Amino acid sequence: MVKNCLAVASNTFTEAIRQPVYVVIIFATTILFMMSPSMVMFGLREDDQLLCDIGLSNLLVAGLFIAVFAASTVVTDEIDRKTALTVISKSVSRNSFVLGKFLGIVGAVLLAEYLLGLVYMLTMRHGVLVNASDHEDITVVVFGYSAAIISCLYGAFCNYFYKWRFGSTTVICGSILTTISLVILFFIDARWQYKPALGNFPIQLLGPLALVVLATIVISAIAVAAAMRFNMVTTMIICVLTFLLGTMVHYKLGPVVTQSDSMVQSALAWVGLAMIPSINLYVVSDLVYESKYLPKEYFYSCVLYTILYSAGAITAAMMLFRKRDIG
């Protein structure tokens with residue numbers, strides 16, 4: 001079962017990162033990161049905090065769309081084309097198929113979030129030019145743009161001579177080169193001087209970044225469950241509505257559970273909290289604006305919540321797919 005599951009996951013990951021929409025979302029989000037310092041420079045002395053908050057929001061939304069399109073493409077289309085029947089007929093159980101699809105989609109989402117997270121950290125290292133006397137961090141510009149240009153050229157080269165997919169090749173190469181750039185920039189400051197220090201990057205943002213990754217895992221589980229029965233448009237609507245409801249459900253239903261005198265209202269509110277993921281738990285804007293580190297206990301609780309909710313969503317996906325006619 002494990003071997004079959006990993007085989008499905010590997011194939012799903014490969015197919016997901018080869019989709020044109022996967023690369024388009026990454027490129028569009030990267031451009032937004034590049035434009036963000038100019039967009040928030042009139043934030044009334046809160047430019048860096050605003051840049052940080054907008055960046056985290058971009059990461060979360062990008063993860064949402066990548067998960068939805070990946071699930072719709074590699075799950076819904078495969079079922080509609082009867083390809084899933086061929087896979088399942090080769091001693092692959094339906095549960096292994098669903099779990100493999102989920103792991104493959106999560107892998108593709110994590111790769112995208114990793115690359116975008118690196119770009120986000122480079123953007124935060126550059127910061128916002130508040131005053132006319134401020135100068136650009138030329139080290140970030142040189143290494144960041146060099147990684148992007150070399151990745152695109154390498155992707156075009158491999159596509160032309162070896163027929164490799166331009167998008168997936170560029171994304172993988174970009175992840176490697178951006179990682180190298182980030183490591184180098186850790187040891188030099190904006191004046192090209194050797195100065196290794198944690199202060200070269202806002203390390204306190206690693207916690208909020210990790211929470212965004214956990215949120216995208218939950219969204220991926222919901223997308224897989226919806227894709228087992230619905231088409232891309234319906235899956236998109238379900239995931240977007242769930243995302244929007246998840247940003248407010250804790251504030252609306254939480255007080256009802258703890259303060260309501262009616263047992264019926266409390267029970268219904270508890271059911272709502274159990275069914276709708278609390279996306280707002282992964283958004284820690286207060287810590288961002290106060291430049292504080294994420295408490296370990298809070299992070300561990302979010303990890304546990306992610307595991308439990310994702311397990312529940314994938315269990316629902318297995319039940320939905322078990323009754324799905326794929327013949």
# chains A, B, ... in the order shown; residues from 1 in each chain; ligands from 1
>>> closest_atom_pairs(of="segment 198-227 of chain A", to="segment 293-298 of chain A", cutoff="10 Å", atoms="only C-alpha atoms", output="CSV")
residue,atom,partner,partner_atom,distance
A:Ile203,CA,A:Tyr293,CA,8.5
A:Gln204,CA,A:Tyr293,CA,5.1
A:Leu205,CA,A:Tyr293,CA,7.6
A:Leu206,CA,A:Leu294,CA,8.5
A:Gly207,CA,A:Leu294,CA,5.4
A:Pro208,CA,A:Leu294,CA,7.2
A:Ala210,CA,A:Leu294,CA,9.9
A:Leu211,CA,A:Leu294,CA,9.6
>>> write_last_selection(atoms="N, CA and C atoms", output="mmCIF file, in the first residue's frame")
data_model
loop_
_atom_site.group_PDB
_atom_site.id
_atom_site.type_symbol
_atom_site.label_atom_id
_atom_site.label_comp_id
_atom_site.auth_asym_id
_atom_site.auth_seq_id
_atom_site.Cartn_x
_atom_site.Cartn_y
_atom_site.Cartn_z
ATOM 1 N N ILE A 203 14.237 37.238 10.906
ATOM 2 C CA ILE A 203 14.075 35.836 11.280
ATOM 3 C C ILE A 203 12.730 35.591 11.964
ATOM 4 N N GLN A 204 12.164 36.608 12.603
ATOM 5 C CA GLN A 204 10.906 36.421 13.316
ATOM 6 C C GLN A 204 9.746 36.100 12.369
ATOM 7 N N LEU A 205 9.974 36.270 11.056
ATOM 8 C CA LEU A 205 8.921 35.973 10.094
ATOM 9 C C LEU A 205 8.847 34.487 9.737
ATOM 10 N N LEU A 206 9.816 33.700 10.200
ATOM 11 C CA LEU A 206 9.794 32.273 9.890
ATOM 12 C C LEU A 206 8.570 31.595 10.511
ATOM 13 N N GLY A 207 8.170 32.040 11.695
ATOM 14 C CA GLY A 207 6.986 31.481 12.339
ATOM 15 C C GLY A 207 5.710 31.738 11.551
ATOM 16 N N PRO A 208 5.408 33.008 11.219
ATOM 17 C CA PRO A 208 4.237 33.283 10.376
ATOM 18 C C PRO A 208 4.290 32.581 9.025
ATOM 19 N N ALA A 210 5.670 29.666 8.434
ATOM 20 C CA ALA A 210 5.331 28.259 8.693
ATOM 21 C C ALA A 210 3.830 28.084 8.879
ATOM 22 N N LEU A 211 3.171 29.046 9.517
ATOM 23 C CA LEU A 211 1.719 28.963 9.691
ATOM 24 C C LEU A 211 0.993 29.052 8.349
#
>>> closest_atom_pairs(of="segment 165-240 of chain A", to="segment 111-118 of chain A", cutoff="8 Å", atoms="only C-alpha atoms", output="JSON lines")
{"residue": "A:Val171", "atom": "CA", "partner": "A:Leu115", "partner_atom": "CA", "distance": 7.7}
{"residue": "A:Gly174", "atom": "CA", "partner": "A:Leu115", "partner_atom": "CA", "distance": 7.3}
{"residue": "A:Ser175", "atom": "CA", "partner": "A:Leu115", "partner_atom": "CA", "distance": 5.2}
{"residue": "A:Thr178", "atom": "CA", "partner": "A:Leu118", "partner_atom": "CA", "distance": 6.7}
{"residue": "A:Thr179", "atom": "CA", "partner": "A:Leu118", "partner_atom": "CA", "distance": 7.0}
{"residue": "A:Leu182", "atom": "CA", "partner": "A:Leu118", "partner_atom": "CA", "distance": 7.4}
{"residue": "A:Leu209", "atom": "CA", "partner": "A:Gly117", "partner_atom": "CA", "distance": 7.2}
{"residue": "A:Val213", "atom": "CA", "partner": "A:Glu113", "partner_atom": "CA", "distance": 6.9}
>>> residues_around(residues="Ala227 of chain A", least_positions_apart="3", cutoff="8 Å", atoms="only C-alpha atoms", output="list in words")
Ala71, Ser72, Val75, Thr76, Ala223, Val224, Phe230, Asn231, Met232 and Thr235 of chain A
>>> select_by_dssp(residues="segment 201-252 of chain A", states="alpha helix (DSSP H)", output="ChimeraX atom specification")
/A:206-227,232-246,249-252
>>> closest_residue(among="A:Ser36, A:Thr123, A:Ser168, A:Ser181", to="Phe143 of chain A", atoms="only C-alpha atoms")
A:Ser181
>>> residues_around(residues="Val8 of chain A", least_positions_apart="4", cutoff="8 Å", atoms="only C-alpha atoms", output="MDAnalysis selection string")
chainID A and resid 4 12 96:97 100:101 104
>>> closest_residue(among="A:Met228, A:Phe157, A:Val141, A:Phe27", to="Thr73 of chain A", atoms="only C-alpha atoms")
A:Met228
>>> closest_atom_pairs(of="segment 65-150 of chain A", to="segment 47-57 of chain A", cutoff="7 Å", atoms="only C-alpha atoms", output="JSON lines")
{"residue": "A:Tyr120", "atom": "CA", "partner": "A:Gly55", "partner_atom": "CA", "distance": 6.5}
{"residue": "A:Met124", "atom": "CA", "partner": "A:Cys52", "partner_atom": "CA", "distance": 7.0}
{"residue": "A:Gly127", "atom": "CA", "partner": "A:Asp48", "partner_atom": "CA", "distance": 6.3}
{"residue": "A:Val128", "atom": "CA", "partner": "A:Asp48", "partner_atom": "CA", "distance": 6.3}
>>> write_last_selection(atoms="C-alpha atoms", output="PDB file, in the first residue's frame")
ATOM      1  CA  TYR A 120       9.269  37.071   0.244  1.00  0.00           C
ATOM      2  CA  MET A 124      11.681  41.914   3.342  1.00  0.00           C
ATOM      3  CA  GLY A 127      12.507  46.751   2.637  1.00  0.00           C
ATOM      4  CA  VAL A 128      10.720  49.956   1.670  1.00  0.00           C
TER       5      VAL A 128
END
>>> residues_around(residues="segment 214-222 of chain A", least_positions_apart="4", cutoff="6 Å", atoms="only C-alpha atoms", output="PDB file with N, CA and C atoms, in the first residue's frame")
ATOM      1  N   GLY A  63      -1.236  29.971  -2.349  1.00  0.00           N
ATOM      2  CA  GLY A  63      -1.396  28.571  -1.970  1.00  0.00           C
ATOM      3  C   GLY A  63      -2.806  28.063  -2.199  1.00  0.00           C
ATOM      4  N   ALA A  67      -3.498  25.028  -4.894  1.00  0.00           N
ATOM      5  CA  ALA A  67      -4.125  23.796  -4.407  1.00  0.00           C
ATOM      6  C   ALA A  67      -5.389  23.473  -5.190  1.00  0.00           C
ATOM      7  N   SER A 310      -6.807  17.929   8.418  1.00  0.00           N
ATOM      8  CA  SER A 310      -6.441  17.325   7.133  1.00  0.00           C
ATOM      9  C   SER A 310      -6.806  15.848   7.103  1.00  0.00           C
ATOM     10  N   ALA A 313     -10.505  15.665   6.516  1.00  0.00           N
ATOM     11  CA  ALA A 313     -10.868  15.999   5.136  1.00  0.00           C
ATOM     12  C   ALA A 313     -10.504  14.871   4.179  1.00  0.00           C
TER      13      ALA A 313
END
